[in-house]
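Participant: Following this line is final-v4.cif, made up of mmCIF, C-alpha atoms:
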```cif
data_data
loop_
_atom_site.label_atom_id
_atom_site.label_comp_id
_atom_site.auth_asym_id
_atom_site.auth_seq_id
_atom_site.Cartn_x
_atom_site.Cartn_y
_atom_site.Cartn_z
CA MET A 1353 116.38 71.98 101.68
CA SER A 1354 116.19 69.17 99.17
CA LYS A 1355 118.90 68.50 96.64
CA LYS A 1356 118.36 68.88 92.94
CA ILE A 1357 119.31 66.21 90.42
CA THR A 1358 121.36 68.81 88.56
CA GLU A 1359 123.69 68.88 91.59
CA LEU A 1360 124.78 65.36 90.59
CA LEU A 1361 126.07 66.48 87.18
CA ASN A 1362 129.81 66.13 86.74
CA PRO A 1363 131.55 65.00 83.52
CA GLU A 1364 134.28 63.25 85.54
CA TYR A 1365 131.86 60.85 87.26
CA ARG A 1366 129.42 58.12 86.36
CA VAL A 1367 126.40 58.62 88.65
CA TYR A 1368 124.03 55.76 89.44
CA VAL A 1369 120.93 56.46 91.51
CA ARG A 1370 119.24 53.58 93.33
CA PHE A 1371 115.65 53.49 94.57
CA ALA A 1372 114.28 51.40 97.43
CA ASP A 1373 110.84 51.22 95.79
CA ASP A 1374 108.79 52.28 92.78
CA ALA A 1375 107.34 55.32 94.55
CA ARG A 1376 110.81 56.80 95.05
CA CYS A 1377 111.70 56.19 91.41
CA GLU A 1378 108.44 57.80 90.27
CA ALA A 1379 109.25 60.87 92.39
CA PHE A 1380 112.75 60.96 90.90
CA LEU A 1381 111.38 60.77 87.35
CA ARG A 1382 108.96 63.65 88.06
CA GLU A 1383 111.78 65.73 89.53
CA ALA A 1384 114.08 64.90 86.61
CA GLU A 1385 111.42 66.03 84.17
CA SER A 1386 110.83 69.27 86.08
CA GLU A 1387 114.58 69.96 85.93
CA GLY A 1388 114.65 69.44 82.15
CA PHE A 1389 116.16 65.97 81.95
CA THR A 1390 115.19 63.56 79.18
CA PHE A 1391 116.18 60.10 78.07
CA PRO A 1392 118.81 60.15 75.28
CA ASP A 1393 116.08 59.74 72.64
CA GLY A 1394 114.29 62.84 73.94
CA ALA A 1395 111.55 60.99 75.82
CA LYS A 1396 110.28 62.63 78.99
CA PRO A 1397 111.21 60.74 82.16
CA THR A 1398 107.60 60.28 83.26
CA SER A 1399 106.76 58.59 79.95
CA ARG A 1400 108.93 55.61 80.85
CA HIS A 1401 108.69 52.81 83.42
CA VAL A 1402 110.36 52.84 86.82
CA ALA A 1403 113.58 50.97 87.59
CA ASP A 1404 115.65 50.28 90.66
CA VAL A 1405 118.80 51.96 89.25
CA ILE A 1406 119.02 54.88 86.82
CA ALA A 1407 122.12 56.70 85.53
CA VAL A 1408 122.33 60.50 85.51
CA ASN A 1409 124.49 61.89 82.69
CA PRO A 1410 126.30 65.25 82.47
CA ASP A 1411 124.32 66.19 79.33
CA ARG A 1412 121.05 66.27 81.33
CA THR A 1413 119.94 62.85 80.16
CA ILE A 1414 119.09 59.81 82.24
CA ASN A 1415 119.17 56.16 81.23
CA TYR A 1416 118.49 52.73 82.58
CA VAL A 1417 121.48 50.78 83.91
CA GLY A 1418 122.13 47.45 82.23
CA THR A 1419 123.55 44.21 83.58
CA ASN A 1420 127.21 45.27 83.63
CA GLY A 1421 126.34 48.54 85.36
CA ARG A 1422 124.28 46.69 87.96
CA ILE A 1423 127.18 44.34 88.62
CA ALA A 1424 129.51 47.34 89.02
CA TYR A 1425 127.02 49.04 91.34
CA GLY A 1426 126.69 46.03 93.61
CA SER A 1427 130.28 44.83 93.50
CA GLY A 1428 131.91 47.88 95.03
CA ALA A 1429 133.68 48.77 91.77
CA GLU A 1430 135.27 52.20 91.96
CA THR A 1431 135.10 53.02 88.25
CA VAL A 1432 132.85 52.42 85.26
CA GLY A 1433 134.04 53.18 81.75
CA GLY A 1434 137.11 54.94 83.12
CA LYS A 1435 135.07 57.30 85.31
CA LYS A 1436 134.67 57.26 89.07
CA LEU A 1437 131.38 55.60 90.03
CA ILE A 1438 129.21 57.62 92.37
CA ARG A 1439 126.36 55.74 94.07
CA VAL A 1440 123.34 57.66 95.31
CA GLU A 1441 120.49 56.23 97.37
CA TRP A 1442 117.46 58.36 96.45
CA GLU A 1443 115.25 59.20 99.43
#
```
Output the structure of this file as structure tokens.
Facilitator:
Amino acid sequence: MSKKITELLNPEYRVYVRFADDARCEAFLREAESEGFTFPDGAKPTSRHVADVIAVNPDRTINYVGTNGRIAYGSGAETVGGKKLIRVEWE
């Protein structure tokens, strides 16, 4: 049984999802769209380009992770913006 992206939703956490390659990110974006996620501006996930790290937000939006978020992801930081950072490797 595969996990759903909605299972990552939790207002107490900041969830960053990392992809080993573009194909995995494309699959994630398709799944996100099928589960009703959008970017904060309402754009459908498949209308945007792939990235190696994407954030999943409790309001069913996703967004790209900027420089500070990438540093936090790679540095072993435990929190981001006062929330526990959860790292997910998307397979």
Participant: Name the residues, using the chain letters and numbers of the file, that sit within 6 Å of (117.2, 56.0, 99.0) when counting only C-alpha atoms, and give them as an mmCIF file with C-alpha atoms, keeping the file's coordinate frame.
Facilitator:
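So part-v2.cif came out as:
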```cif
data_model
loop_
_atom_site.group_PDB
_atom_site.id
_atom_site.type_symbol
_atom_site.label_atom_id
_atom_site.label_comp_id
_atom_site.auth_asym_id
_atom_site.auth_seq_id
_atom_site.Cartn_x
_atom_site.Cartn_y
_atom_site.Cartn_z
ATOM 1 C CA PHE A 1371 115.650 53.490 94.570
ATOM 2 C CA ALA A 1372 114.280 51.400 97.430
ATOM 3 C CA GLU A 1441 120.490 56.230 97.370
ATOM 4 C CA TRP A 1442 117.460 58.360 96.450
ATOM 5 C CA GLU A 1443 115.250 59.200 99.430
#
```
Participant: From the options A:Arg1382, A:Val1432, A:Asn1362, A:Ile1357, which residue's atoms come nearest to Val1417 of chain A, counting all atoms listed in the file?
Facilitator: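 Nearest to Val1417 of chain A: A:Val1432.
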Participant: Have a look at A:Lys1355, A:Phe1389, A:Tyr1368, A:Thr1431 and name the one nearest to Gly1418 of chain A; count only C-alpha atoms.
Facilitator: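 Using only C-alpha atoms, Gly1418 of chain A sits closest to A:Tyr1368.
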Participant: I want to know what sits within 10 Å of segment 1420-1428 of chain A, based on all atoms listed in the file, with residues of the same chain fewer than 2 positions away left out; could you give that as number ranges by chain?
Facilitator: A: 1367-1370, 1404-1407, 1416-1418, 1430-1433, 1437-1439
Participant: Would you work out the distance separating atom CA of Pro1363 of chain A from atom CA of Ala1429 of chain A, expressed in Å to one decimal?
Facilitator: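 Straight-line distance from atom CA of Pro1363 of chain A to atom CA of Ala1429 of chain A works out to 18.3 Å.
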Participant: What does the structure give for the distance between atom CA of His1401 of chain A and atom CA of Ser1386 of chain A, in Å to one decimal?
Facilitator: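 Here the two named atoms are 16.8 Å from each other.
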Participant: Using only C-alpha atoms, can you tell me which of A:Arg1376, A:Lys1396, A:Lys1436, A:Arg1366 comes closest to Asn1409 of chain A?
Facilitator: A:Arg1366
Participant: Put a box with edges along x, y and z around all the listed atoms of segment 1419-1437 of chain A, pad it by 4 Å on each side, then give me its centre and sizes in Å, one decimal, as lines of an AutoDock Vina configuration file.
Facilitator:
```
center_x = 130.3
center_y = 50.8
center_z = 88.4
size_x = 21.6
size_y = 21.1
size_z = 21.3
```
Participant: Between atom CA of Pro1397 of chain A and atom CA of Val1440 of chain A, measure the distance and give it in Å to one decimal.
Facilitator: 18.2 Å
Participant: Which one is closest to Leu1361 of chain A: A:Gly1434, A:Thr1413, A:Ser1399, A:Thr1419? Count only C-alpha atoms.
Facilitator: A:Thr1413
Participant: Nearest residue to Lys1356 of chain A out of A:Ala1403, A:Asp1393, A:Val1408, A:Lys1435, using all atoms listed in the file?
Facilitator: A:Val1408
Participant: A:Glu1364, A:Arg1412, A:Arg1400, A:Pro1392: which is nearest Cys1377 of chain A, counting all atoms listed in the file?
Facilitator: A:Arg1400
